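Some notes on the structure that comes next.
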Amino acid sequence: MKIRDKRTGITLVHTGDGKGKSSSAFGMVFRAAGSGMKVCVIQFIKGQWKTGEQEAAKRFDNIEWHTLGDGFTWNTKDPEQDRKSCRETWAFSQQKILSEKYDMVLLDEINYCCKYGWISGEEIADFINQEKPPWLHLILTGRNAPQEVIDAADTVTEMKMMKHAFKQGIKAQQGVEF
């Protein structure tokens with residue numbers, strides 16, 4: 001019997017308007033990788049922006065990283081392309097999850113796709129409830145997690161913003177935001 005057959009896979013959702021949703025998920029990615037687990041990170045929104053987390057992940061041979069989004073959607077010039085990219089990334093994510101190659105999969109910023117109507121919360125929840133391998137840890141991040149995804153999850157954390165440097169005119173800082 002494999003270790004994963006004894007494991008109960010947890011579905012986690014990190015949502016809310018506060019900072020730390022992806023950062024917390026990346027902490028779990030590195031914890032799992034450090035424990036010898038095979039991890040897949042799939043980013044839905046960020047585009048090709050370089051991050052410290054992605055650079056750190058290159059030091060692990062058991063983390064596979066895919067940045068597939070078109071960039072920050074509030075700057076979009078082509079919403080139909082964003083929708084298409086999101087749908088393709090969702091299909092890719094499902095393939096990775098069902099491949100049974102991974103112990104943990106992070107779907108970073110997938111909740112934004114629901115907010116924009118590109119994927120329904122019901123579709124994601126149905127996949128989690130009906131198709132996710134029972135031993136796989138799955139993490140979904142992003143603001144405005146749909147209720148169906150919250151209901152399908154085992155652990156949900158809402159980050160609440162109390163104060164943010166950006167509101168004081170301080171731009172995103174390397175090592176903190178990226």
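Residues are referred to by chain and number: the chain letter is A, B, ... according to the order shown in the structure tokens, the number counts from 1 in that chain, and ligands are numbered separately from 1 in the order shown.
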
Every residue of region 88-140 of chain A that DSSP places in alpha helix (DSSP H), as a short mmCIF file (atom, residue, chain, number, x, y, z; two decimals) with C-alpha atoms, in the first residue's frame:
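Dumped to states_26.cif:
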```cif
data_model
loop_
_atom_site.label_atom_id
_atom_site.label_comp_id
_atom_site.auth_asym_id
_atom_site.auth_seq_id
_atom_site.Cartn_x
_atom_site.Cartn_y
_atom_site.Cartn_z
CA GLU A 88 -7.81 26.10 -21.18
CA THR A 89 -6.04 26.42 -17.83
CA TRP A 90 -9.00 24.79 -16.06
CA ALA A 91 -8.94 21.85 -18.53
CA PHE A 92 -5.15 21.56 -18.04
CA SER A 93 -5.65 21.63 -14.24
CA GLN A 94 -8.17 18.83 -14.37
CA GLN A 95 -5.77 16.71 -16.44
CA LYS A 96 -2.96 17.30 -13.95
CA ILE A 97 -5.19 16.44 -10.98
CA LEU A 98 -6.51 13.27 -12.63
CA ILE A 110 -8.76 30.29 -9.69
CA ASN A 111 -11.44 32.03 -7.60
CA TYR A 112 -11.02 35.19 -9.69
CA CYS A 113 -12.08 33.18 -12.73
CA CYS A 114 -15.37 32.44 -11.01
CA LYS A 115 -15.87 36.08 -10.12
CA GLY A 121 -18.29 27.57 -8.70
CA GLU A 122 -20.65 24.67 -9.30
CA GLU A 123 -18.36 23.25 -12.00
CA ILE A 124 -15.33 23.39 -9.70
CA ALA A 125 -17.25 21.97 -6.73
CA ASP A 126 -18.62 19.10 -8.84
CA PHE A 127 -15.09 18.25 -9.97
CA ILE A 128 -13.80 18.34 -6.38
CA ASN A 129 -16.67 16.20 -5.07
CA GLN A 130 -16.80 13.70 -7.91
#
```

Can you check which parts of region 43-150 of chain A lie within 8 Å of region 12-25 of chain A? Per residue, the shortest pair of atoms and distance in Å to one decimal, counting only C-alpha atoms, sorted by chain and number, as a tab-separated table.
```
residue	atom	partner	partner_atom	distance
A:Leu106	CA	A:Ala25	CA	7.2
A:Asp108	CA	A:Ser22	CA	6.5
A:Glu109	CA	A:Ser22	CA	7.6
A:Asn111	CA	A:Thr15	CA	7.9
A:His137	CA	A:Leu12	CA	7.9
A:Leu138	CA	A:Leu12	CA	6.2
A:Ile139	CA	A:Leu12	CA	4.7
A:Leu140	CA	A:Val13	CA	4.9
A:Thr141	CA	A:His14	CA	4.8
A:Gly142	CA	A:Thr15	CA	5.2
A:Arg143	CA	A:Thr15	CA	4.7
A:Asn144	CA	A:Thr15	CA	6.3
A:Ala145	CA	A:Thr15	CA	5.9
A:Val149	CA	A:Val13	CA	7.8
A:Ile150	CA	A:Val13	CA	6.8
```

| request: Enumerate as JSON, numbers by chain all residues of chain A assigned to strand (DSSP E) by DSSP on the backbone, naming them with the chain letters and numbers the document uses. | output: {"A": [11, 12, 13, 14, 15, 39, 40, 41, 42, 43, 63, 64, 65, 66, 67, 104, 105, 106, 107, 108, 137, 138, 139, 140, 141, 155, 156, 157, 158]}

If you keep C-alpha atoms, can you produce a file of those selected residues as a PDB file, in the first residue's frame?
```pdb
ATOM      1  CA  THR A  11      -9.229  20.639  -0.104  1.00  0.00           C
ATOM      2  CA  LEU A  12      -8.316  24.121   1.121  1.00  0.00           C
ATOM      3  CA  VAL A  13      -9.637  27.500   0.011  1.00  0.00           C
ATOM      4  CA  HIS A  14      -7.826  30.758   0.757  1.00  0.00           C
ATOM      5  CA  THR A  15     -10.056  33.722   0.015  1.00  0.00           C
ATOM      6  CA  VAL A  39       3.572  19.160  -6.149  1.00  0.00           C
ATOM      7  CA  CYS A  40       2.028  20.946  -9.130  1.00  0.00           C
ATOM      8  CA  VAL A  41       1.421  24.713  -9.082  1.00  0.00           C
ATOM      9  CA  ILE A  42      -0.910  26.181 -11.705  1.00  0.00           C
ATOM     10  CA  GLN A  43      -1.356  29.954 -11.813  1.00  0.00           C
ATOM     11  CA  ILE A  63       7.679  20.976  -7.829  1.00  0.00           C
ATOM     12  CA  GLU A  64       6.212  21.458 -11.299  1.00  0.00           C
ATOM     13  CA  TRP A  65       5.208  25.080 -12.016  1.00  0.00           C
ATOM     14  CA  HIS A  66       2.851  26.396 -14.710  1.00  0.00           C
ATOM     15  CA  THR A  67       2.064  30.103 -15.112  1.00  0.00           C
ATOM     16  CA  MET A 104      -0.648  18.325  -3.923  1.00  0.00           C
ATOM     17  CA  VAL A 105      -1.990  20.700  -6.570  1.00  0.00           C
ATOM     18  CA  LEU A 106      -2.304  24.465  -6.112  1.00  0.00           C
ATOM     19  CA  LEU A 107      -4.788  26.310  -8.333  1.00  0.00           C
ATOM     20  CA  ASP A 108      -3.553  29.816  -7.671  1.00  0.00           C
ATOM     21  CA  HIS A 137      -4.322  17.806  -1.321  1.00  0.00           C
ATOM     22  CA  LEU A 138      -5.900  20.604  -3.389  1.00  0.00           C
ATOM     23  CA  ILE A 139      -5.526  24.327  -2.692  1.00  0.00           C
ATOM     24  CA  LEU A 140      -7.608  27.034  -4.393  1.00  0.00           C
ATOM     25  CA  THR A 141      -6.801  30.723  -3.901  1.00  0.00           C
ATOM     26  CA  THR A 155     -10.695  23.990   5.211  1.00  0.00           C
ATOM     27  CA  VAL A 156     -11.535  27.579   4.279  1.00  0.00           C
ATOM     28  CA  THR A 157      -9.555  30.599   5.424  1.00  0.00           C
ATOM     29  CA  GLU A 158     -10.700  34.152   4.769  1.00  0.00           C
TER      30      GLU A 158
END
```

| field | Interatomic distance, CA of Arg7 (chain A) to CA of Tyr102 (chain A) (Å, one decimal) | value |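 Interatomic distance, CA of Arg7 (chain A) to CA of Tyr102 (chain A): 12.9 Å.
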
| query | By how many Å are CA of Gly69 (chain A) and CA of Gln54 (chain A) apart? | reply |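 Those two atoms sit 14.4 Å apart.
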
| field | One-decimal distance in Å that lies between CA of Ile119 (chain A) and CA of Ser85 (chain A) | value |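 Separation of CA of Ser85 (chain A) and CA of Ile119 (chain A): 11.2 Å.
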
| said: Neighbouring residues of Asp103 (chain A) were defined as those with any atom within 8 Å, considering only C-alpha atoms; residues of the same chain fewer than 2 positions away were excluded. Please report them as a ChimeraX atom specification. | reply: /A:4,37-39,100-101,105,135-137

| said: What's around Gly175 (chain A) at 12 Å? Count only C-alpha atoms, leave out sequence neighbours fewer than 4 positions away in its own chain, and write the answer as a list in words. | reply: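 Listing them by chain and then by number gives Ser23, Lys50, Thr51, Gly52, Glu53, Gln54, Glu55 and Ala56 of chain A.
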
| message | Using only C-alpha atoms for the distances, tell me which of A:Gly117, A:Asp61, A:Pro133, A:Gln173 is nearest to Asp82 (chain A). | response |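 For Asp82 (chain A), the nearest of the candidates is A:Gly117.
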